[in-house]
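What follows is model08.txt (compact mmCIF, C-alpha atoms).
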# COMPACT_ATOMS: atom_id res chain seq x y z
CA MET A 141 -41.96 -59.77 -1.07
CA ALA A 142 -40.31 -57.48 -3.67
CA TYR A 143 -42.61 -54.67 -2.54
CA GLN A 144 -41.51 -55.09 1.09
CA MET A 145 -37.83 -55.13 0.08
CA LEU A 146 -38.30 -51.98 -2.00
CA SER A 147 -40.21 -50.38 0.84
CA SER A 148 -37.47 -51.27 3.34
CA THR A 149 -34.75 -49.97 1.02
CA LEU A 150 -36.68 -46.75 0.52
CA ALA A 151 -37.19 -46.35 4.27
CA LEU A 152 -33.46 -46.88 4.94
CA THR A 153 -32.59 -44.39 2.23
CA VAL A 154 -34.94 -41.80 3.74
CA VAL A 155 -33.46 -42.38 7.21
CA ALA A 156 -29.93 -42.08 5.81
CA LEU A 157 -30.86 -38.83 4.04
CA LEU A 158 -32.42 -37.47 7.26
CA VAL A 159 -29.28 -38.34 9.23
CA TRP A 160 -27.14 -36.72 6.55
CA ALA A 161 -29.36 -33.61 6.56
CA LEU A 162 -29.04 -33.36 10.36
CA GLN A 163 -25.25 -33.67 10.11
CA LEU A 164 -25.19 -30.94 7.47
CA ARG A 165 -27.33 -28.70 9.69
CA ARG A 166 -24.97 -29.22 12.63
CA ALA A 167 -21.93 -28.55 10.43
CA ASN A 168 -23.64 -25.45 9.04
CA ALA A 169 -24.37 -24.20 12.55
CA VAL A 170 -20.74 -24.76 13.56
CA LEU A 171 -19.52 -22.92 10.46
CA ARG A 172 -21.88 -20.02 11.10
CA ALA A 173 -20.60 -19.75 14.67
CA GLU A 174 -17.01 -19.75 13.39
CA VAL A 175 -17.81 -17.10 10.78
CA GLU A 176 -19.48 -14.95 13.45
CA GLU A 177 -16.44 -15.34 15.73
CA LEU A 178 -14.07 -14.45 12.89
CA GLY A 179 -16.21 -11.41 12.11
CA LYS A 180 -15.90 -10.26 15.73
CA GLN A 181 -12.13 -10.81 15.66
CA LEU A 182 -11.86 -8.86 12.41
CA GLU A 183 -13.89 -6.01 13.85
CA GLN A 184 -11.64 -5.90 16.93
CA ALA A 185 -8.53 -5.92 14.74
CA VAL A 186 -9.88 -3.05 12.64
CA GLN A 187 -10.69 -1.07 15.79
CA ARG A 188 -7.15 -1.64 17.11
CA LEU A 189 -5.72 -0.56 13.74
CA VAL A 190 -7.83 2.61 13.75
CA GLN A 191 -6.71 3.34 17.30
CA TYR A 192 -3.07 2.80 16.34
CA GLU A 193 -3.39 5.00 13.25
CA THR A 194 -4.98 7.86 15.20
CA GLU A 195 -2.49 7.78 18.09
CA PRO A 196 0.06 10.57 17.92
CA LYS A 197 3.47 9.24 16.92
CA SER A 198 6.53 10.07 18.96
CA LYS A 199 9.27 12.29 17.58
CA THR A 200 11.60 9.28 17.55
CA PHE A 201 9.16 7.30 15.41
CA THR A 202 8.75 10.20 12.98
CA LYS A 203 12.52 10.66 12.73
CA MET A 204 12.98 6.93 12.10
CA VAL A 205 10.42 7.04 9.28
CA ASP A 206 12.20 10.05 7.79
CA LEU A 207 15.55 8.23 7.91
CA LEU A 208 14.06 5.17 6.23
CA ALA A 209 12.52 7.38 3.56
CA ALA A 210 15.85 9.14 3.10
CA ALA A 211 17.55 5.82 2.49
CA GLY A 212 14.80 4.50 0.25
CA ILE A 213 13.98 7.39 -2.07
CA PRO A 214 17.50 7.79 -3.55
CA GLY A 215 17.52 4.03 -4.13
CA LEU A 216 14.20 4.24 -5.93
CA ILE A 217 15.49 7.10 -8.06
CA LEU A 218 18.58 5.07 -8.96
CA LEU A 219 16.42 2.07 -9.86
CA ALA A 220 14.20 4.23 -12.06
CA ALA A 221 17.22 5.74 -13.79
CA MET A 222 18.62 2.23 -14.33
CA ALA A 223 15.34 1.03 -15.81
CA ILE A 224 15.16 4.01 -18.15
CA SER A 225 18.78 3.52 -19.27
CA GLY A 226 17.95 0.45 -21.35
CA PHE A 227 21.03 -1.38 -20.13
CA ALA A 228 21.49 -4.16 -17.58
CA GLY A 229 23.95 -4.83 -14.79
CA ALA A 230 26.99 -2.62 -14.31
CA ALA A 231 26.29 -0.72 -17.53
CA ALA A 232 22.87 0.29 -16.20
CA ILE A 233 24.38 1.59 -12.96
CA THR A 234 27.05 3.51 -14.86
CA VAL A 235 24.57 5.10 -17.27
CA ALA A 236 22.10 5.88 -14.47
CA LEU A 237 24.67 7.58 -12.25
CA SER A 238 26.14 9.47 -15.21
CA SER A 239 22.67 10.66 -16.23
CA LEU A 240 21.86 11.81 -12.71
CA GLY A 241 25.25 13.51 -12.36
CA GLY A 242 24.98 15.51 -15.56
CA PRO A 243 28.31 17.06 -16.52
CA ALA A 244 29.91 15.76 -13.30
CA GLY A 245 29.37 12.15 -14.44
CA MET A 246 29.08 9.20 -12.09
CA LEU A 247 30.53 11.07 -9.11
CA GLY A 248 27.99 13.81 -9.64
CA GLY A 249 25.21 11.20 -9.71
CA ILE A 250 26.41 9.74 -6.43
CA GLY A 251 26.53 13.27 -5.02
CA VAL A 252 22.96 13.97 -6.16
CA LEU A 253 21.68 10.81 -4.48
CA VAL A 254 23.61 11.42 -1.25
CA THR A 255 22.47 15.05 -1.12
CA LEU A 256 18.88 13.99 -1.67
CA GLY A 257 19.16 11.45 1.15
CA VAL A 258 20.67 14.01 3.54
CA VAL A 259 17.99 16.61 2.74
CA ILE A 260 15.19 14.10 3.28
CA ALA A 261 16.76 12.87 6.52
CA LYS A 262 17.21 16.42 7.82
CA TYR A 263 13.84 17.93 6.93
CA GLY A 264 11.57 14.91 6.52
CA VAL A 265 9.33 13.90 3.67
CA THR A 266 6.31 15.78 5.04
CA ASP A 267 8.11 19.12 5.42
CA ILE A 268 9.66 18.84 1.96
CA SER A 269 6.29 17.92 0.46
CA LEU A 270 4.56 20.87 2.13
CA ALA A 271 7.33 23.26 0.98
CA LEU A 272 6.92 21.92 -2.57
CA VAL A 273 3.15 22.42 -2.40
CA ARG A 274 3.59 26.00 -1.14
CA LYS A 275 6.00 26.73 -3.99
CA LEU A 276 3.62 25.23 -6.55
CA LEU A 277 0.73 27.26 -5.12
CA SER A 278 2.76 30.44 -5.62
CA THR A 279 2.95 29.80 -9.37
CA ARG A 280 -0.27 27.86 -10.09
CA SER A 281 -3.83 27.89 -8.87
CA LYS A 282 -5.22 25.22 -6.58
CA ALA A 283 -7.71 24.16 -9.24
CA THR A 284 -4.92 23.64 -11.77
CA LEU A 285 -2.93 21.53 -9.32
CA ILE A 286 -6.02 19.43 -8.54
CA GLN A 287 -6.50 18.85 -12.28
CA GLU A 288 -2.86 17.80 -12.58
CA ILE A 289 -3.28 15.39 -9.67
CA GLU A 290 -6.37 13.89 -11.30
CA ALA A 291 -4.50 13.58 -14.62
CA LEU A 292 -1.81 11.40 -13.06
CA PRO A 293 -1.62 7.89 -14.52
CA ARG A 294 -3.92 5.29 -12.93
CA VAL A 295 -0.80 3.54 -11.64
CA VAL A 296 -0.68 6.19 -8.92
CA PRO A 297 -3.03 4.91 -6.18
CA GLN A 298 -6.09 6.96 -5.21
CA ARG A 299 -4.89 7.30 -1.60
CA PHE A 300 -1.79 9.16 -2.81
CA ARG A 301 -3.96 11.44 -4.92
CA ASN A 302 -6.16 12.13 -1.89
CA LYS A 303 -3.11 12.85 0.27
CA ALA A 304 -1.78 15.27 -2.37
CA LYS A 305 -5.15 17.06 -2.43
CA ALA A 306 -5.14 17.23 1.38
CA MET A 307 -1.66 18.80 1.25
CA LEU A 308 -3.04 21.45 -1.09
CA GLU A 309 -5.61 22.32 1.57
CA VAL A 310 -2.89 22.57 4.27
CA GLY A 311 -0.39 24.38 2.03

Spell out the structure here as structure tokens.
Amino acid sequence: MAYQMLSSTLALTVVALLVWALQLRRANAVLRAEVEELGKQLEQAVQRLVQYETEPKSKTFTKMVDLLAAAGIPGLILLAAMAISGFAGAAAITVALSSLGGPAGMLGGIGVLVTLGVVIAKYGVTDISLALVRKLLSTRSKATLIQEIEALPRVVPQRFRNKAKAMLEVG
């Protein structure tokens, strides 16, 4: 009698494990299908992104980017000057603007930032960058500039380094 009960319990356990294994297989198949579908969606998204990136941008779009850069770069310079100042709050702004303004003080610092913004808005980041590269190439060799780009701190992302090297080829 005990043998039959043990045998029945074992049979039920095996059946339960088989049912569980079948459920896991079905769930695994569903997950694989979902992963495959997500992979296709990701591939389509990447293709759309590549298409968008390679499309020529309109002059309006380029001008808008230049205006945003013009507004942002002076702000970044002010933030960097504030961080370097060692002060906080209003004192940091005062010291930063005074440092940027040189002998003209805070008003000179404001003038430097406004002038920088106007120049970037008028000529664009790309044109200014290319002019800078041309000027650097007139005083230094391309190999030296590439070494300087490679010597930049690792904080500077590799894509920016690659773009700087590409500008050397264009310049």

> Can you tell me, as a ChimeraX atom specification, what residues are no more than 12 Å from stretch 210-218 of chain A when counting only C-alpha atoms, ignoring any on the same chain fewer than 2 positions away?
Replying inline: /A:203-208,220-225,232-241,246,249-266,268

Write a file of the just-selected residues containing C-alpha atoms, as a PDB file, in the coordinates of the input.
ATOM      1  CA  LYS A 203      12.520  10.660  12.730  1.00  0.00           C
ATOM      2  CA  MET A 204      12.980   6.930  12.100  1.00  0.00           C
ATOM      3  CA  VAL A 205      10.420   7.040   9.280  1.00  0.00           C
ATOM      4  CA  ASP A 206      12.200  10.050   7.790  1.00  0.00           C
ATOM      5  CA  LEU A 207      15.550   8.230   7.910  1.00  0.00           C
ATOM      6  CA  LEU A 208      14.060   5.170   6.230  1.00  0.00           C
ATOM      7  CA  ALA A 220      14.200   4.230 -12.060  1.00  0.00           C
ATOM      8  CA  ALA A 221      17.220   5.740 -13.790  1.00  0.00           C
ATOM      9  CA  MET A 222      18.620   2.230 -14.330  1.00  0.00           C
ATOM     10  CA  ALA A 223      15.340   1.030 -15.810  1.00  0.00           C
ATOM     11  CA  ILE A 224      15.160   4.010 -18.150  1.00  0.00           C
ATOM     12  CA  SER A 225      18.780   3.520 -19.270  1.00  0.00           C
ATOM     13  CA  ALA A 232      22.870   0.290 -16.200  1.00  0.00           C
ATOM     14  CA  ILE A 233      24.380   1.590 -12.960  1.00  0.00           C
ATOM     15  CA  THR A 234      27.050   3.510 -14.860  1.00  0.00           C
ATOM     16  CA  VAL A 235      24.570   5.100 -17.270  1.00  0.00           C
ATOM     17  CA  ALA A 236      22.100   5.880 -14.470  1.00  0.00           C
ATOM     18  CA  LEU A 237      24.670   7.580 -12.250  1.00  0.00           C
ATOM     19  CA  SER A 238      26.140   9.470 -15.210  1.00  0.00           C
ATOM     20  CA  SER A 239      22.670  10.660 -16.230  1.00  0.00           C
ATOM     21  CA  LEU A 240      21.860  11.810 -12.710  1.00  0.00           C
ATOM     22  CA  GLY A 241      25.250  13.510 -12.360  1.00  0.00           C
ATOM     23  CA  MET A 246      29.080   9.200 -12.090  1.00  0.00           C
ATOM     24  CA  GLY A 249      25.210  11.200  -9.710  1.00  0.00           C
ATOM     25  CA  ILE A 250      26.410   9.740  -6.430  1.00  0.00           C
ATOM     26  CA  GLY A 251      26.530  13.270  -5.020  1.00  0.00           C
ATOM     27  CA  VAL A 252      22.960  13.970  -6.160  1.00  0.00           C
ATOM     28  CA  LEU A 253      21.680  10.810  -4.480  1.00  0.00           C
ATOM     29  CA  VAL A 254      23.610  11.420  -1.250  1.00  0.00           C
ATOM     30  CA  THR A 255      22.470  15.050  -1.120  1.00  0.00           C
ATOM     31  CA  LEU A 256      18.880  13.990  -1.670  1.00  0.00           C
ATOM     32  CA  GLY A 257      19.160  11.450   1.150  1.00  0.00           C
ATOM     33  CA  VAL A 258      20.670  14.010   3.540  1.00  0.00           C
ATOM     34  CA  VAL A 259      17.990  16.610   2.740  1.00  0.00           C
ATOM     35  CA  ILE A 260      15.190  14.100   3.280  1.00  0.00           C
ATOM     36  CA  ALA A 261      16.760  12.870   6.520  1.00  0.00           C
ATOM     37  CA  LYS A 262      17.210  16.420   7.820  1.00  0.00           C
ATOM     38  CA  TYR A 263      13.840  17.930   6.930  1.00  0.00           C
ATOM     39  CA  GLY A 264      11.570  14.910   6.520  1.00  0.00           C
ATOM     40  CA  VAL A 265       9.330  13.900   3.670  1.00  0.00           C
ATOM     41  CA  THR A 266       6.310  15.780   5.040  1.00  0.00           C
ATOM     42  CA  ILE A 268       9.660  18.840   1.960  1.00  0.00           C
TER      43      ILE A 268
END

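You will find atom CA of A:Ala283 at 18.2 Å from atom CA of A:Ala271.
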
> Please, what distance in Å, to one decimal, runs between atom CA of A:Met307 and atom CA of A:Leu285?
Replying inline: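 Separation between atom CA of A:Met307 and atom CA of A:Leu285: 11.0 Å.
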
>> Quick check, in Å to one decimal: how far apart do atom CA of A:Glu193 and atom CA of A:Arg294 lie?
In response: 26.2 Å

> Could you pull the residues within 12 Å of stretch 296-303 of chain A, counting all atoms listed in the file, minus those fewer than 2 positions along the same chain, as a ChimeraX atom specification?
Replying inline: /A:266,269-270,273,285-294,305-311

Find the smallest box with edges along x, y and z containing every listed atom of stretch 301-310 of chain A, then add 4 Å on each side and report centre and edge lengths in Å to one decimal, as lines of an AutoDock Vina configuration file.
center_x = -3.9
center_y = 17.0
center_z = -0.3
size_x = 12.5
size_y = 19.1
size_z = 17.2
